[in-house]
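A.B. asks: So that you have it, the file is structure.cif, and it contains mmCIF, C-alpha atoms:
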data_input
#
loop_
_atom_site.label_atom_id
_atom_site.label_comp_id
_atom_site.auth_asym_id
_atom_site.auth_seq_id
_atom_site.Cartn_x
_atom_site.Cartn_y
_atom_site.Cartn_z
CA MET K 1 93.26 59.04 48.36
CA THR K 2 90.24 59.28 46.09
CA THR K 3 89.67 62.60 44.37
CA VAL K 4 86.22 63.76 43.39
CA SER K 5 85.83 65.87 40.28
CA PRO K 6 83.97 69.09 40.92
CA PRO K 7 80.57 69.33 39.31
CA LEU K 8 80.34 71.15 36.02
CA PRO K 9 79.09 74.73 36.17
CA ALA K 10 75.42 75.00 35.36
CA PRO K 11 75.89 76.56 31.87
CA GLU K 12 78.41 73.85 30.83
CA ALA K 13 76.23 71.04 32.15
CA GLN K 14 73.24 72.47 30.30
CA ALA K 15 75.30 72.78 27.12
CA ARG K 16 76.41 69.13 27.39
CA ARG K 17 72.83 67.95 27.88
CA THR K 18 71.75 70.07 24.94
CA SER K 19 74.47 68.62 22.66
CA TRP K 20 73.52 65.05 23.64
CA GLY K 21 69.89 65.92 23.03
CA HIS K 22 70.66 67.27 19.55
CA TRP K 23 72.74 64.17 18.75
CA TYR K 24 69.96 61.85 19.93
CA ALA K 25 67.35 63.79 17.97
CA ALA K 26 69.50 63.63 14.82
CA VAL K 27 69.89 59.86 15.13
CA ARG K 28 66.18 59.40 15.72
CA HIS K 29 65.39 61.58 12.72
CA ALA K 30 67.73 59.54 10.51
CA LEU K 31 66.24 56.24 11.69
CA ASP K 32 62.68 57.47 11.17
CA ARG K 33 63.21 58.21 7.48
CA PRO K 34 61.15 56.06 5.07
CA LEU K 35 64.18 54.53 3.33
CA THR K 36 66.17 53.73 6.49
CA ALA K 37 65.44 49.98 6.49
CA TYR K 38 66.12 49.77 2.75
CA TYR K 39 69.57 51.37 2.96
CA LEU K 40 70.51 49.59 6.17
CA LEU K 41 69.78 46.22 4.56
CA LEU K 42 71.70 47.09 1.39
CA GLY K 43 74.69 48.47 3.28
CA ALA K 44 74.95 45.79 5.97
CA SER K 45 74.43 42.91 3.54
CA GLY K 46 76.97 44.31 1.07
CA LEU K 47 79.57 44.85 3.77
CA LEU K 48 79.09 41.36 5.22
CA LEU K 49 79.39 39.80 1.77
CA THR K 50 82.57 41.78 1.05
CA ILE K 51 84.11 40.90 4.41
CA GLY K 52 83.14 37.28 3.80
CA LEU K 53 84.93 37.11 0.45
CA ILE K 54 88.06 38.68 1.93
CA MET K 55 88.06 36.30 4.87
CA VAL K 56 87.33 33.22 2.73
CA LEU K 57 90.33 34.14 0.57
CA SER K 58 92.55 34.57 3.61
CA ALA K 59 91.28 31.66 5.73
CA SER K 60 91.24 29.15 2.85
CA SER K 61 94.53 30.06 1.19
CA VAL K 62 96.66 27.42 2.94
CA TYR K 63 94.04 24.68 2.73
CA SER K 64 93.30 25.57 -0.89
CA TYR K 65 96.97 25.37 -1.88
CA GLU K 66 97.40 22.01 -0.16
CA GLN K 67 94.32 20.50 -1.78
CA ASN K 68 94.32 22.16 -5.21
CA GLY K 69 97.76 23.64 -5.80
CA SER K 70 96.30 27.14 -5.89
CA SER K 71 95.57 29.52 -3.02
CA TYR K 72 92.58 30.91 -4.93
CA ALA K 73 90.65 27.72 -5.71
CA VAL K 74 88.20 27.97 -2.78
CA VAL K 75 87.53 31.69 -3.08
CA THR K 76 87.01 31.25 -6.83
CA ARG K 77 84.21 28.79 -6.11
CA GLN K 78 82.78 31.22 -3.57
CA LEU K 79 82.83 33.98 -6.19
CA MET K 80 80.92 31.66 -8.51
CA TRP K 81 78.21 31.23 -5.86
CA VAL K 82 78.13 35.00 -5.32
CA ALA K 83 77.66 35.44 -9.07
CA ILE K 84 74.68 33.07 -8.84
CA GLY K 85 73.26 34.45 -5.59
CA LEU K 86 73.32 38.19 -6.33
CA PRO K 87 71.09 38.00 -9.44
CA CYS K 88 68.75 35.69 -7.52
CA ALA K 89 68.61 38.23 -4.68
CA TRP K 90 67.94 41.06 -7.14
CA VAL K 91 65.09 39.12 -8.73
CA ALA K 92 63.68 38.28 -5.29
CA SER K 93 63.73 41.96 -4.32
CA ARG K 94 61.63 42.85 -7.39
CA LEU K 95 59.00 40.11 -7.09
CA PRO K 96 55.62 41.13 -5.64
CA THR K 97 54.61 39.28 -2.49
CA SER K 98 51.62 37.71 -4.22
CA PHE K 99 53.98 36.07 -6.72
CA VAL K 100 56.47 34.99 -4.02
CA ARG K 101 53.69 33.24 -2.10
CA ARG K 102 52.97 31.04 -5.11
CA PHE K 103 56.24 29.23 -4.41
CA ALA K 104 55.39 28.42 -0.78
CA TRP K 105 54.13 24.85 -1.26
CA LEU K 106 56.53 24.21 -4.14
CA GLY K 107 59.47 25.26 -1.97
CA LEU K 108 58.43 22.96 0.87
CA ILE K 109 57.88 20.01 -1.47
CA LEU K 110 61.26 20.64 -3.15
CA ALA K 111 63.01 20.78 0.23
CA VAL K 112 61.41 17.52 1.38
CA VAL K 113 62.28 15.76 -1.90
CA LEU K 114 65.91 16.93 -1.78
CA LEU K 115 66.26 15.88 1.85
CA ALA K 116 64.75 12.49 1.01
CA LEU K 117 67.17 12.06 -1.92
CA VAL K 118 70.06 12.42 0.53
CA ARG K 119 69.00 9.05 1.94
CA VAL K 120 69.32 7.39 -1.49
CA PRO K 121 72.56 5.37 -1.80
CA GLY K 122 74.87 6.93 -4.33
CA LEU K 123 73.31 10.39 -4.07
CA GLY K 124 73.86 11.23 -0.40
CA ARG K 125 77.36 12.29 0.58
CA GLU K 126 78.85 12.02 4.07
CA VAL K 127 80.87 14.99 5.34
CA ASN K 128 82.37 15.02 8.85
CA GLY K 129 80.14 12.16 9.97
CA ASN K 130 76.89 13.77 8.75
CA THR K 131 75.06 12.46 5.69
CA ASN K 132 73.43 15.75 4.73
CA TRP K 133 74.93 16.53 1.34
CA LEU K 134 73.51 15.69 -2.06
CA GLY K 135 75.58 15.07 -5.19
CA LEU K 136 73.95 16.59 -8.28
CA GLY K 137 76.30 16.18 -11.21
CA PRO K 138 79.37 18.39 -10.66
CA PHE K 139 77.72 20.15 -7.70
CA VAL K 140 77.44 19.01 -4.10
CA VAL K 141 74.67 20.90 -2.26
CA GLN K 142 73.22 20.82 1.24
CA PRO K 143 69.41 20.58 0.97
CA ALA K 144 68.95 21.58 4.62
CA GLU K 145 70.08 25.11 3.74
CA VAL K 146 67.38 25.33 1.08
CA ALA K 147 64.91 23.96 3.64
CA LYS K 148 65.51 26.93 5.97
CA LEU K 149 64.25 29.39 3.38
CA ALA K 150 61.49 27.01 2.29
CA ILE K 151 59.95 26.57 5.75
CA VAL K 152 60.08 30.31 6.51
CA LEU K 153 58.28 31.04 3.24
CA TRP K 154 55.76 28.24 3.67
CA ALA K 155 54.96 28.97 7.32
CA ALA K 156 54.61 32.71 6.62
CA HIS K 157 52.23 31.95 3.74
CA ILE K 158 50.08 29.58 5.80
CA TYR K 159 49.85 31.88 8.81
CA ALA K 160 49.14 34.93 6.62
CA ARG K 161 46.27 33.07 4.95
CA LYS K 162 44.84 32.14 8.36
CA ASP K 163 45.65 35.44 10.04
CA LYS K 164 42.10 36.06 11.29
CA ARG K 165 41.80 32.53 12.73
CA LEU K 166 45.04 32.28 14.69
CA GLY K 167 43.22 32.52 17.99
CA SER K 168 42.46 28.82 17.59
CA PHE K 169 45.08 26.35 18.82
CA HIS K 170 44.27 23.98 15.95
CA GLU K 171 44.81 26.71 13.33
CA VAL K 172 48.19 27.59 14.87
CA LEU K 173 49.25 23.97 15.01
CA MET K 174 48.08 22.65 11.64
CA PRO K 175 49.68 22.17 9.18
CA VAL K 176 52.79 24.21 10.04
CA VAL K 177 54.08 22.26 13.03
CA PRO K 178 53.77 18.78 11.43
CA GLY K 179 55.25 20.09 8.17
CA VAL K 180 58.29 21.62 9.83
CA LEU K 181 58.75 18.56 12.06
CA LEU K 182 58.83 16.42 8.91
CA VAL K 183 61.70 18.53 7.58
CA VAL K 184 63.47 18.41 10.96
CA GLY K 185 63.06 14.62 11.03
CA LEU K 186 64.70 14.25 7.63
CA VAL K 187 67.59 16.45 8.80
CA VAL K 188 67.94 14.37 11.97
CA LEU K 189 68.24 11.23 9.86
CA GLY K 190 71.39 12.78 8.43
CA LYS K 191 72.67 13.33 12.00
CA ASP K 192 72.92 17.11 11.50
CA LEU K 193 72.21 18.41 15.00
CA GLY K 194 73.10 22.04 14.27
CA THR K 195 70.74 22.48 11.34
CA ALA K 196 67.95 20.64 13.18
CA LEU K 197 68.26 23.09 16.08
CA VAL K 198 68.16 26.08 13.72
CA LEU K 199 65.01 24.74 12.04
CA ALA K 200 63.43 24.21 15.47
CA ALA K 201 64.34 27.78 16.45
CA ILE K 202 62.70 29.11 13.28
CA LEU K 203 59.54 27.14 14.07
CA MET K 204 59.39 28.43 17.65
CA ALA K 205 59.94 32.00 16.43
CA MET K 206 57.05 31.70 13.98
CA LEU K 207 54.84 30.27 16.72
CA TRP K 208 55.77 33.16 19.02
CA VAL K 209 54.95 35.74 16.35
CA VAL K 210 51.48 34.30 15.75
CA GLY K 211 50.76 34.12 19.50
CA ALA K 212 50.91 30.38 20.15
CA PRO K 213 49.99 29.29 23.70
CA GLY K 214 52.71 28.62 26.27
CA ARG K 215 52.05 24.88 26.48
CA LEU K 216 53.05 24.50 22.85
CA PHE K 217 56.38 26.22 23.54
CA ALA K 218 56.95 23.95 26.53
CA ALA K 219 56.31 20.90 24.37
CA MET K 220 58.62 22.22 21.65
CA LEU K 221 61.47 22.94 24.08
CA SER K 222 61.10 19.49 25.60
CA GLY K 223 61.21 17.95 22.16
CA VAL K 224 64.33 19.92 21.21
CA ALA K 225 66.08 18.79 24.41
CA VAL K 226 65.18 15.15 23.75
CA LEU K 227 66.34 15.50 20.15
CA ALA K 228 69.69 16.98 21.20
CA PHE K 229 70.36 14.24 23.74
CA TYR K 230 69.30 11.55 21.26
CA LEU K 231 71.66 12.80 18.58
CA ALA K 232 74.42 13.13 21.17
CA SER K 233 73.95 9.54 22.28
CA THR K 234 74.36 8.24 18.72
CA SER K 235 77.93 9.55 18.44
CA SER K 236 80.70 9.31 21.03
CA GLU K 237 82.46 12.29 19.44
CA ARG K 238 79.30 14.42 19.55
CA LEU K 239 78.67 13.39 23.16
CA ALA K 240 82.21 14.40 24.09
CA ARG K 241 81.76 17.77 22.38
CA LEU K 242 78.53 18.41 24.28
CA SER K 243 80.04 17.44 27.63
CA ASN K 244 83.37 19.28 27.27
CA PHE K 245 82.50 22.40 25.29
CA ALA K 246 82.76 24.78 28.26
CA ASP K 247 86.40 23.77 28.81
CA PRO K 248 87.97 22.73 25.49
CA PHE K 249 91.41 22.43 27.12
CA LYS K 250 90.09 19.54 29.20
CA ASP K 251 90.27 17.33 26.10
CA TYR K 252 92.72 19.46 24.17
CA LEU K 253 94.18 16.77 21.91
CA ASP K 254 90.80 15.36 20.84
CA THR K 255 87.39 17.05 20.84
CA GLY K 256 88.76 20.24 22.38
CA TRP K 257 91.31 20.81 19.61
CA GLN K 258 89.11 22.92 17.33
CA PRO K 259 87.48 25.22 19.93
CA ALA K 260 90.80 25.61 21.78
CA HIS K 261 92.56 26.81 18.63
CA GLY K 262 89.61 29.06 17.91
CA LEU K 263 90.20 30.71 21.28
CA TYR K 264 93.92 30.94 20.53
CA ALA K 265 93.09 32.78 17.30
CA LEU K 266 90.77 35.26 19.00
CA SER K 267 93.16 35.93 21.87
CA SER K 268 96.15 36.52 19.61
CA GLY K 269 94.17 39.00 17.52
CA GLY K 270 93.90 41.52 20.32
CA ILE K 271 92.01 44.73 19.64
CA PHE K 272 93.20 45.58 16.12
CA GLY K 273 94.27 42.16 14.84
CA GLU K 274 97.39 40.78 13.20
CA GLY K 275 96.40 42.05 9.76
CA ILE K 276 94.61 40.43 6.83
CA GLY K 277 96.44 37.27 5.77
CA SER K 278 98.51 37.08 8.97
CA SER K 279 96.59 34.34 10.79
CA ARG K 280 98.78 31.58 12.21
CA GLN K 281 95.96 29.22 13.20
CA LYS K 282 94.87 28.68 9.58
CA TRP K 283 98.20 26.91 8.89
CA GLY K 284 96.76 23.52 9.75
CA ASP K 285 95.98 23.91 13.46
CA LEU K 286 92.39 25.17 13.13
CA PRO K 287 90.02 22.74 11.36
CA GLU K 288 87.30 24.26 9.14
CA ALA K 289 89.04 27.63 9.21
CA HIS K 290 87.17 28.93 6.16
CA THR K 291 83.77 27.45 7.04
CA ASP K 292 82.48 26.95 10.59
CA PHE K 293 85.41 28.69 12.32
CA ILE K 294 85.99 31.59 9.96
CA PHE K 295 84.98 33.96 12.79
CA ALA K 296 88.09 32.85 14.68
CA VAL K 297 90.36 33.72 11.75
CA LEU K 298 88.49 37.01 11.37
CA GLY K 299 89.16 37.80 15.03
CA GLU K 300 92.82 36.90 14.69
CA GLU K 301 93.36 39.04 11.61
CA LEU K 302 90.96 41.95 12.25
CA GLY K 303 90.88 41.84 16.04
CA LEU K 304 88.10 42.80 18.39
CA ILE K 305 87.21 45.73 16.12
CA GLY K 306 86.56 43.38 13.20
CA THR K 307 84.47 40.93 15.22
CA LEU K 308 82.35 43.72 16.70
CA LEU K 309 81.86 45.16 13.22
CA VAL K 310 80.55 41.83 11.91
CA VAL K 311 78.23 41.33 14.90
CA GLY K 312 77.05 44.94 14.54
CA LEU K 313 76.23 44.40 10.86
CA PHE K 314 74.08 41.39 11.74
CA LEU K 315 72.31 43.43 14.42
CA THR K 316 71.74 46.15 11.81
CA ILE K 317 70.04 43.62 9.53
CA ALA K 318 67.97 42.44 12.50
CA TYR K 319 66.93 46.01 13.34
CA ALA K 320 65.92 46.70 9.74
CA ALA K 321 63.94 43.44 9.51
CA VAL K 322 62.10 44.07 12.77
CA ARG K 323 61.36 47.62 11.60
CA ILE K 324 59.82 46.21 8.41
CA ALA K 325 57.80 43.65 10.36
CA THR K 326 56.43 46.18 12.84
CA HIS K 327 55.56 48.82 10.23
CA THR K 328 53.88 46.64 7.63
CA THR K 329 50.15 46.00 7.37
CA GLU K 330 50.66 42.74 5.43
CA PRO K 331 50.68 39.62 7.65
CA PHE K 332 52.84 37.70 5.18
CA VAL K 333 55.55 40.38 5.23
CA ARG K 334 55.45 40.48 9.03
CA TYR K 335 55.80 36.71 9.47
CA MET K 336 58.37 36.35 6.70
CA SER K 337 60.55 39.15 8.09
CA PHE K 338 60.56 37.69 11.60
CA GLY K 339 61.36 34.23 10.28
CA ILE K 340 64.30 35.45 8.21
CA VAL K 341 65.79 37.51 11.04
CA VAL K 342 65.56 34.60 13.51
CA TRP K 343 67.18 32.30 10.96
CA LEU K 344 70.15 34.58 10.14
CA LEU K 345 70.64 36.11 13.58
CA GLY K 346 70.20 32.74 15.29
CA GLN K 347 72.89 31.17 13.10
CA MET K 348 75.22 34.07 13.81
CA ILE K 349 74.72 33.70 17.57
CA ILE K 350 75.32 29.95 17.46
CA ASN K 351 78.41 30.29 15.25
CA VAL K 352 79.97 33.00 17.40
CA GLY K 353 79.05 30.98 20.51
CA MET K 354 80.88 27.96 19.08
CA VAL K 355 84.04 29.97 18.48
CA LEU K 356 83.85 31.48 21.97
CA ALA K 357 83.26 28.00 23.49
CA LEU K 358 79.90 29.14 24.85
CA VAL K 359 77.97 26.45 22.96
CA PRO K 360 79.09 23.04 21.62
CA VAL K 361 80.62 22.79 18.15
CA ILE K 362 77.64 21.70 16.06
CA GLY K 363 78.70 22.71 12.56
CA ILE K 364 76.82 25.95 11.91
CA PRO K 365 78.38 28.37 9.35
CA LEU K 366 78.40 32.15 9.73
CA PRO K 367 75.83 33.51 7.23
CA LEU K 368 77.27 35.51 4.29
CA VAL K 369 80.80 35.13 5.68
CA SER K 370 81.61 31.40 5.78
CA TYR K 371 82.45 29.51 2.61
CA GLY K 372 79.63 27.50 1.04
CA GLY K 373 77.22 28.13 -1.79
CA SER K 374 74.42 26.00 -0.35
CA ALA K 375 74.17 28.44 2.56
CA LEU K 376 75.08 31.62 0.69
CA VAL K 377 72.49 31.55 -2.10
CA PRO K 378 69.39 31.00 0.12
CA SER K 379 70.67 33.67 2.53
CA LEU K 380 71.07 36.17 -0.31
CA VAL K 381 67.59 35.34 -1.62
CA ALA K 382 66.16 35.88 1.88
CA LEU K 383 67.89 39.25 2.14
CA GLY K 384 66.64 40.12 -1.34
CA LEU K 385 63.10 39.45 -0.16
CA LEU K 386 63.65 41.71 2.87
CA ILE K 387 65.01 44.48 0.64
CA GLY K 388 61.96 44.10 -1.59
CA PHE K 389 59.66 44.40 1.44
CA ALA K 390 61.49 47.59 2.45
CA ARG K 391 61.21 49.07 -1.06
CA ARG K 392 57.48 48.38 -1.29
CA ASP K 393 56.65 50.08 2.01
CA PRO K 394 54.24 52.88 0.93
CA GLU K 395 56.38 55.71 2.34
CA ALA K 396 59.60 54.20 1.01
CA ALA K 397 58.07 53.63 -2.44
CA GLN K 398 56.92 57.26 -2.52
CA ALA K 399 60.37 58.51 -1.51
CA LEU K 400 62.05 56.38 -4.19
CA ALA K 401 59.58 57.66 -6.81
CA GLN K 402 60.30 61.25 -5.82
CA ARG K 403 64.05 60.68 -6.06
CA LYS K 404 63.66 59.08 -9.47
CA LYS K 405 61.52 62.00 -10.63
CA ALA K 406 64.03 64.53 -9.31
CA ARG K 407 66.91 62.67 -10.99
CA SER K 408 65.05 62.62 -14.32
CA ALA K 409 64.29 66.32 -14.01
CA GLY K 410 67.96 67.05 -13.29
CA LEU K 411 69.10 65.05 -16.33
CA ALA K 412 66.56 66.85 -18.51
CA ALA K 413 67.75 70.23 -17.25
CA GLY K 414 71.33 69.22 -17.97
CA ARG K 415 70.52 68.30 -21.56
CA VAL K 416 68.69 71.61 -22.09
CA SER K 417 71.60 73.64 -20.73
#
What's the C-alpha cells form of this structure?
C.D. replies:
Amino acid sequence: MTTVSPPLPAPEAQARRTSWGHWYAAVRHALDRPLTAYYLLLGASGLLLTIGLIMVLSASSVYSYEQNGSSYAVVTRQLMWVAIGLPCAWVASRLPTSFVRRFAWLGLILAVVLLALVRVPGLGREVNGNTNWLGLGPFVVQPAEVAKLAIVLWAAHIYARKDKRLGSFHEVLMPVVPGVLLVVGLVVLGKDLGTALVLAAILMAMLWVVGAPGRLFAAMLSGVAVLAFYLASTSSERLARLSNFADPFKDYLDTGWQPAHGLYALSSGGIFGEGIGSSRQKWGDLPEAHTDFIFAVLGEELGLIGTLLVVGLFLTIAYAAVRIATHTTEPFVRYMSFGIVVWLLGQMIINVGMVLALVPVIGIPLPLVSYGGSALVPSLVALGLLIGFARRDPEAAQALAQRKKARSAGLAAGRVS
C-alpha cells in the first residue's frame, strides 16, 4: 500500500523555499564576482594536474618497474614535463594578447614543419601502428599535440582580424579552413584517427563561433565521416575496433580486450574505489593504463566519486572559459577561449567515452591526467592563456589591483606597529 506524505505546513514550506532561495542567491553572487573565472581556472587546473601526477604514479608503477627496474621512472619523466610546462603556462598567462598574436603564423608554420618531418625516414617513429611521433635527440614528441594549440591560436588570430567581415562566406572559409585541413591531412598520413577527429572538432567549433553557414557544417561533417571510414578501411584492427566498440566482450580476446578490462576496472571500483595503488587491472591486463586508459584506473582506485570529480573539474574549466568568452569585448579572446575549451573538453569526452565503450578506442589521452609531455605542455600553455585572459578582464584587473594595494597597506601598517 502506497503512503502519501502529508504536505508541509505553510510556514515550514515557506521557510524551505526561503532557505533554497538564499542558497541560490549566494551561489549566484559568488559566481558573479570579477575574479570567479580566474580562481576557478587556477583551482580546477591545479587539482587536475595533482590528480594526474598521483594517477600516473599509481597506474604506471607496474609497467615502469617491468621496463625500467624502477616504479618511479615514468612519473619522474612526467614531473620533468610538469617542470617545463608550469613556467611556460606562467609566462603565457602574463603575455599581452597583442604579443601572443605575433606567434600565430609562426605556430602554424612550426606545426606543419614538425608534422612533415614525421614523414622523413629516420625521424618519424611508429607507436601502436601510427607514425605520428618525431625523434628529436633524446626526446620523442608528438607534433600533432603542438598542432592543436597552433591551429586554435592561428584561427583565432585570423578571425579576430577579420571580425567585421565575417558575414562573407569567403572570409569565413579562407584561409582558416584550407590551413586546418592541411594540418589534418598531415595527421591522417600518420594514420592517427583520434587526433584528426579532435582537430576537425576544433575547426567546426571555430566555424560555429564565427557564424559559418549550415552548408559548410554539412560539408565538414560529411568529410569527417569519409575520413573516419577511410582510415578504418586501411587497418583491419581499426575496422574491428570501430565495428565492435559497443560490445567489447564480443571480441574479448582481441580488439575487445582493452575496453573490456577498462569496464572491469570501473565496475570493480564501485562508489568509493579500492584505494590509491590498489588497482588490479594495471598488473598487465589493461594496456595503456597510464596513458589512454588512465581514467579506468582512476575509477577503479577512486571510484565513482573520483571519476565525477575529474569530470566536474573539466566542466569547471569549461564554465570559466565560456564565461571569459561571453564577457570579453576582444574578438581574439572570445575565439581563443572557445577553441581551447572545445579542444580540452572534447578530448575529455572522447577519452571517457572510450573507457565507457561509448566510442571506439582511437588513442586520445585525458588532458592533464594521462602521461605524456607532448600533450601536457601545450595543454598547460593553453590554460595559462585562459588564466591570463581572466586576469586582464577590466573588473578582475581592478579587483586584483585593490587586493594588492590592501596587502601592501597591511604590510606597511605591520612594519609601523
A.B. asks: Might you pull out every residue within 6 Å of K:Leu380, with only C-alpha atoms counted and same-chain residues fewer than 3 positions away left off, and present them as a VMD selection string?
C.D. replies: chain K and resid 85 89 377 383
A.B. asks: As an exercise, work out the distance from atom CA of K:Gly410 to atom CA of K:Pro87 in Å and give it to one decimal place.
C.D. replies: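 Straight-line distance from atom CA of K:Gly410 to atom CA of K:Pro87 works out to 29.5 Å.
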A.B. asks: Name the residues captured by the PyMOL selection byres ((chain K and resi 212-215) around 9) when it is applied to the shown file; answer as a PyMOL selection string.
C.D. replies: chain K and resi 166-169+172-173+206-211+216-220
A.B. asks: Take the PyMOL selection byres ((chain K and resi 46-55) around 10), apply it to the structure above, and return the hits as a JSON list (two decimals) with C-alpha atoms, keeping the file's coordinate frame.
C.D. replies:
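Result went into part17.json, see below:
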[["chain", "number", "residue", "atom", "x", "y", "z"],
["K", 40, "LEU", "CA", 70.51, 49.59, 6.17],
["K", 41, "LEU", "CA", 69.78, 46.22, 4.56],
["K", 42, "LEU", "CA", 71.70, 47.09, 1.39],
["K", 43, "GLY", "CA", 74.69, 48.47, 3.28],
["K", 44, "ALA", "CA", 74.95, 45.79, 5.97],
["K", 45, "SER", "CA", 74.43, 42.91, 3.54],
["K", 56, "VAL", "CA", 87.33, 33.22, 2.73],
["K", 57, "LEU", "CA", 90.33, 34.14, 0.57],
["K", 58, "SER", "CA", 92.55, 34.57, 3.61],
["K", 59, "ALA", "CA", 91.28, 31.66, 5.73],
["K", 60, "SER", "CA", 91.24, 29.15, 2.85],
["K", 61, "SER", "CA", 94.53, 30.06, 1.19],
["K", 75, "VAL", "CA", 87.53, 31.69, -3.08],
["K", 76, "THR", "CA", 87.01, 31.25, -6.83],
["K", 78, "GLN", "CA", 82.78, 31.22, -3.57],
["K", 79, "LEU", "CA", 82.83, 33.98, -6.19],
["K", 82, "VAL", "CA", 78.13, 35.00, -5.32],
["K", 276, "ILE", "CA", 94.61, 40.43, 6.83],
["K", 277, "GLY", "CA", 96.44, 37.27, 5.77],
["K", 289, "ALA", "CA", 89.04, 27.63, 9.21],
["K", 290, "HIS", "CA", 87.17, 28.93, 6.16],
["K", 294, "ILE", "CA", 85.99, 31.59, 9.96],
["K", 295, "PHE", "CA", 84.98, 33.96, 12.79],
["K", 297, "VAL", "CA", 90.36, 33.72, 11.75],
["K", 298, "LEU", "CA", 88.49, 37.01, 11.37],
["K", 301, "GLU", "CA", 93.36, 39.04, 11.61],
["K", 302, "LEU", "CA", 90.96, 41.95, 12.25],
["K", 306, "GLY", "CA", 86.56, 43.38, 13.20],
["K", 309, "LEU", "CA", 81.86, 45.16, 13.22],
["K", 310, "VAL", "CA", 80.55, 41.83, 11.91],
["K", 311, "VAL", "CA", 78.23, 41.33, 14.90],
["K", 313, "LEU", "CA", 76.23, 44.40, 10.86],
["K", 314, "PHE", "CA", 74.08, 41.39, 11.74],
["K", 366, "LEU", "CA", 78.40, 32.15, 9.73],
["K", 367, "PRO", "CA", 75.83, 33.51, 7.23],
["K", 368, "LEU", "CA", 77.27, 35.51, 4.29],
["K", 369, "VAL", "CA", 80.80, 35.13, 5.68],
["K", 370, "SER", "CA", 81.61, 31.40, 5.78],
["K", 371, "TYR", "CA", 82.45, 29.51, 2.61],
["K", 376, "LEU", "CA", 75.08, 31.62, 0.69],
["K", 380, "LEU", "CA", 71.07, 36.17, -0.31]]
A.B. asks: Can you turn the PyMOL selection byres ((chain K and resi 106-116) around 6) into a concrete residue list for this file, as a ChimeraX atom specification?
C.D. replies: /K:103-105,117-119,143,147,150
A.B. asks: Go ahead and write the selection's residues with C-alpha atoms as a PDB file, in the frame of the given file.
C.D. replies:
ATOM      1  CA  PHE K 103      56.240  29.230  -4.410  1.00  0.00           C
ATOM      2  CA  ALA K 104      55.390  28.420  -0.780  1.00  0.00           C
ATOM      3  CA  TRP K 105      54.130  24.850  -1.260  1.00  0.00           C
ATOM      4  CA  LEU K 117      67.170  12.060  -1.920  1.00  0.00           C
ATOM      5  CA  VAL K 118      70.060  12.420   0.530  1.00  0.00           C
ATOM      6  CA  ARG K 119      69.000   9.050   1.940  1.00  0.00           C
ATOM      7  CA  PRO K 143      69.410  20.580   0.970  1.00  0.00           C
ATOM      8  CA  ALA K 147      64.910  23.960   3.640  1.00  0.00           C
ATOM      9  CA  ALA K 150      61.490  27.010   2.290  1.00  0.00           C
TER      10      ALA K 150
END
A.B. asks: Of the candidates K:Arg77, K:Lys191, K:Met336, K:Leu123, which one gets nearest to K:Ile324 if we count all atoms listed in the file?
C.D. replies: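 Result for the nearest residue to K:Ile324: K:Met336.
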A.B. asks: Just to confirm, what's the straight-line distance from atom CA of K:Leu356 to atom CA of K:Leu266 in Å (one decimal)?
C.D. replies: 8.4 Å
A.B. asks: List the spatial neighbours of K:Glu300 as a list in words - criterion: any atom at most 8 Å away, all atoms listed in the file, same-chain residues fewer than 6 positions off excluded.
C.D. replies: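 The filter keeps Ala265, Leu266, Ser267, Ser268, Gly269, Gly270, Gly273, Glu274, Gly275 and Ser279 of chain K.
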A.B. asks: Using 6 Å as the limit and counting only C-alpha atoms, can you tabulate each residue of stretch 284-355 of chain K that touches stretch 151-164 of chain K, with its shortest atom-to-atom distance in Å and the two atoms involved, as a Markdown table?
C.D. replies:
| residue | atom | partner | partner_atom | distance |
| --- | --- | --- | --- | --- |
| K:Pro331 | CA | K:Ala160 | CA | 5.0 |
| K:Phe332 | CA | K:Ala160 | CA | 4.8 |
| K:Tyr335 | CA | K:Ala156 | CA | 5.1 |
| K:Met336 | CA | K:Ala156 | CA | 5.2 |
| K:Gly339 | CA | K:Val152 | CA | 5.6 |
A.B. asks: If you measure from atom CA of K:Pro121 to atom CA of K:Val361, what distance in Å do you get, rounded to one decimal?
C.D. replies: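 Taking atom CA of K:Pro121 and atom CA of K:Val361, their separation equals 27.7 Å.
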A.B. asks: Using all atoms listed in the file, which of K:Glu145, K:Glu171, K:Asp285, K:Asp292 sits nearest K:Val184?
C.D. replies: K:Glu145
A.B. asks: Residues within 12 Å of K:Val120, please, as a list in words. Count all atoms listed in the file; anything in the same chain fewer than 5 positions from it doesn't count.
C.D. replies: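 Final neighbour list, sorted by chain and number: Val113, Leu114, Leu115, Arg125, Glu126, Thr131, Asn132, Trp133, Leu134, Gly135 and Gly190 of chain K.
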A.B. asks: Have a look at K:Gly256, K:Arg392, K:Leu149, K:Leu86 and name the one nearest to K:Thr329; count all atoms listed in the file.
C.D. replies: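 Residue with the minimum atom-to-atom distance to K:Thr329: K:Arg392.
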A.B. asks: Choose the residue, out of K:Val341, K:Leu308, K:Leu193, K:Val381, that has the smallest atom-to-atom separation from K:Ile84; count only C-alpha atoms.
C.D. replies: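 Smallest distance to K:Ile84 is found for K:Val381.
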A.B. asks: Which of these, K:Ile350, K:Leu35, K:Leu358, K:Ala92, has the shortest distance to K:Ala201 once you count all atoms listed in the file?
C.D. replies: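 The closest residue to K:Ala201 is K:Ile350.
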A.B. asks: Would you mind telling me which residue in K:Leu253, K:Ala228, K:Ile349, K:Arg403 lies nearest to K:Asp192 when using all atoms listed in the file?
C.D. replies: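 For K:Asp192, the nearest of the candidates is K:Ala228.
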A.B. asks: Using only C-alpha atoms, give me every residue within 10 Å of (93.0, 22.4, 3.3) in file coordinates, as an MDAnalysis selection string.
C.D. replies: chainID K and resid 59:68 71 74 282:284 287:290
A.B. asks: The centre and edge lengths of an axis-aligned box containing all atoms of stretch 378-390 of chain K present in the file, extended by 3 Å on each side, are to be given in Å to one decimal, as JSON.
C.D. replies:
{"center_x": 65.4, "center_y": 39.3, "center_z": 0.6, "size_x": 17.4, "size_y": 22.6, "size_z": 10.5}
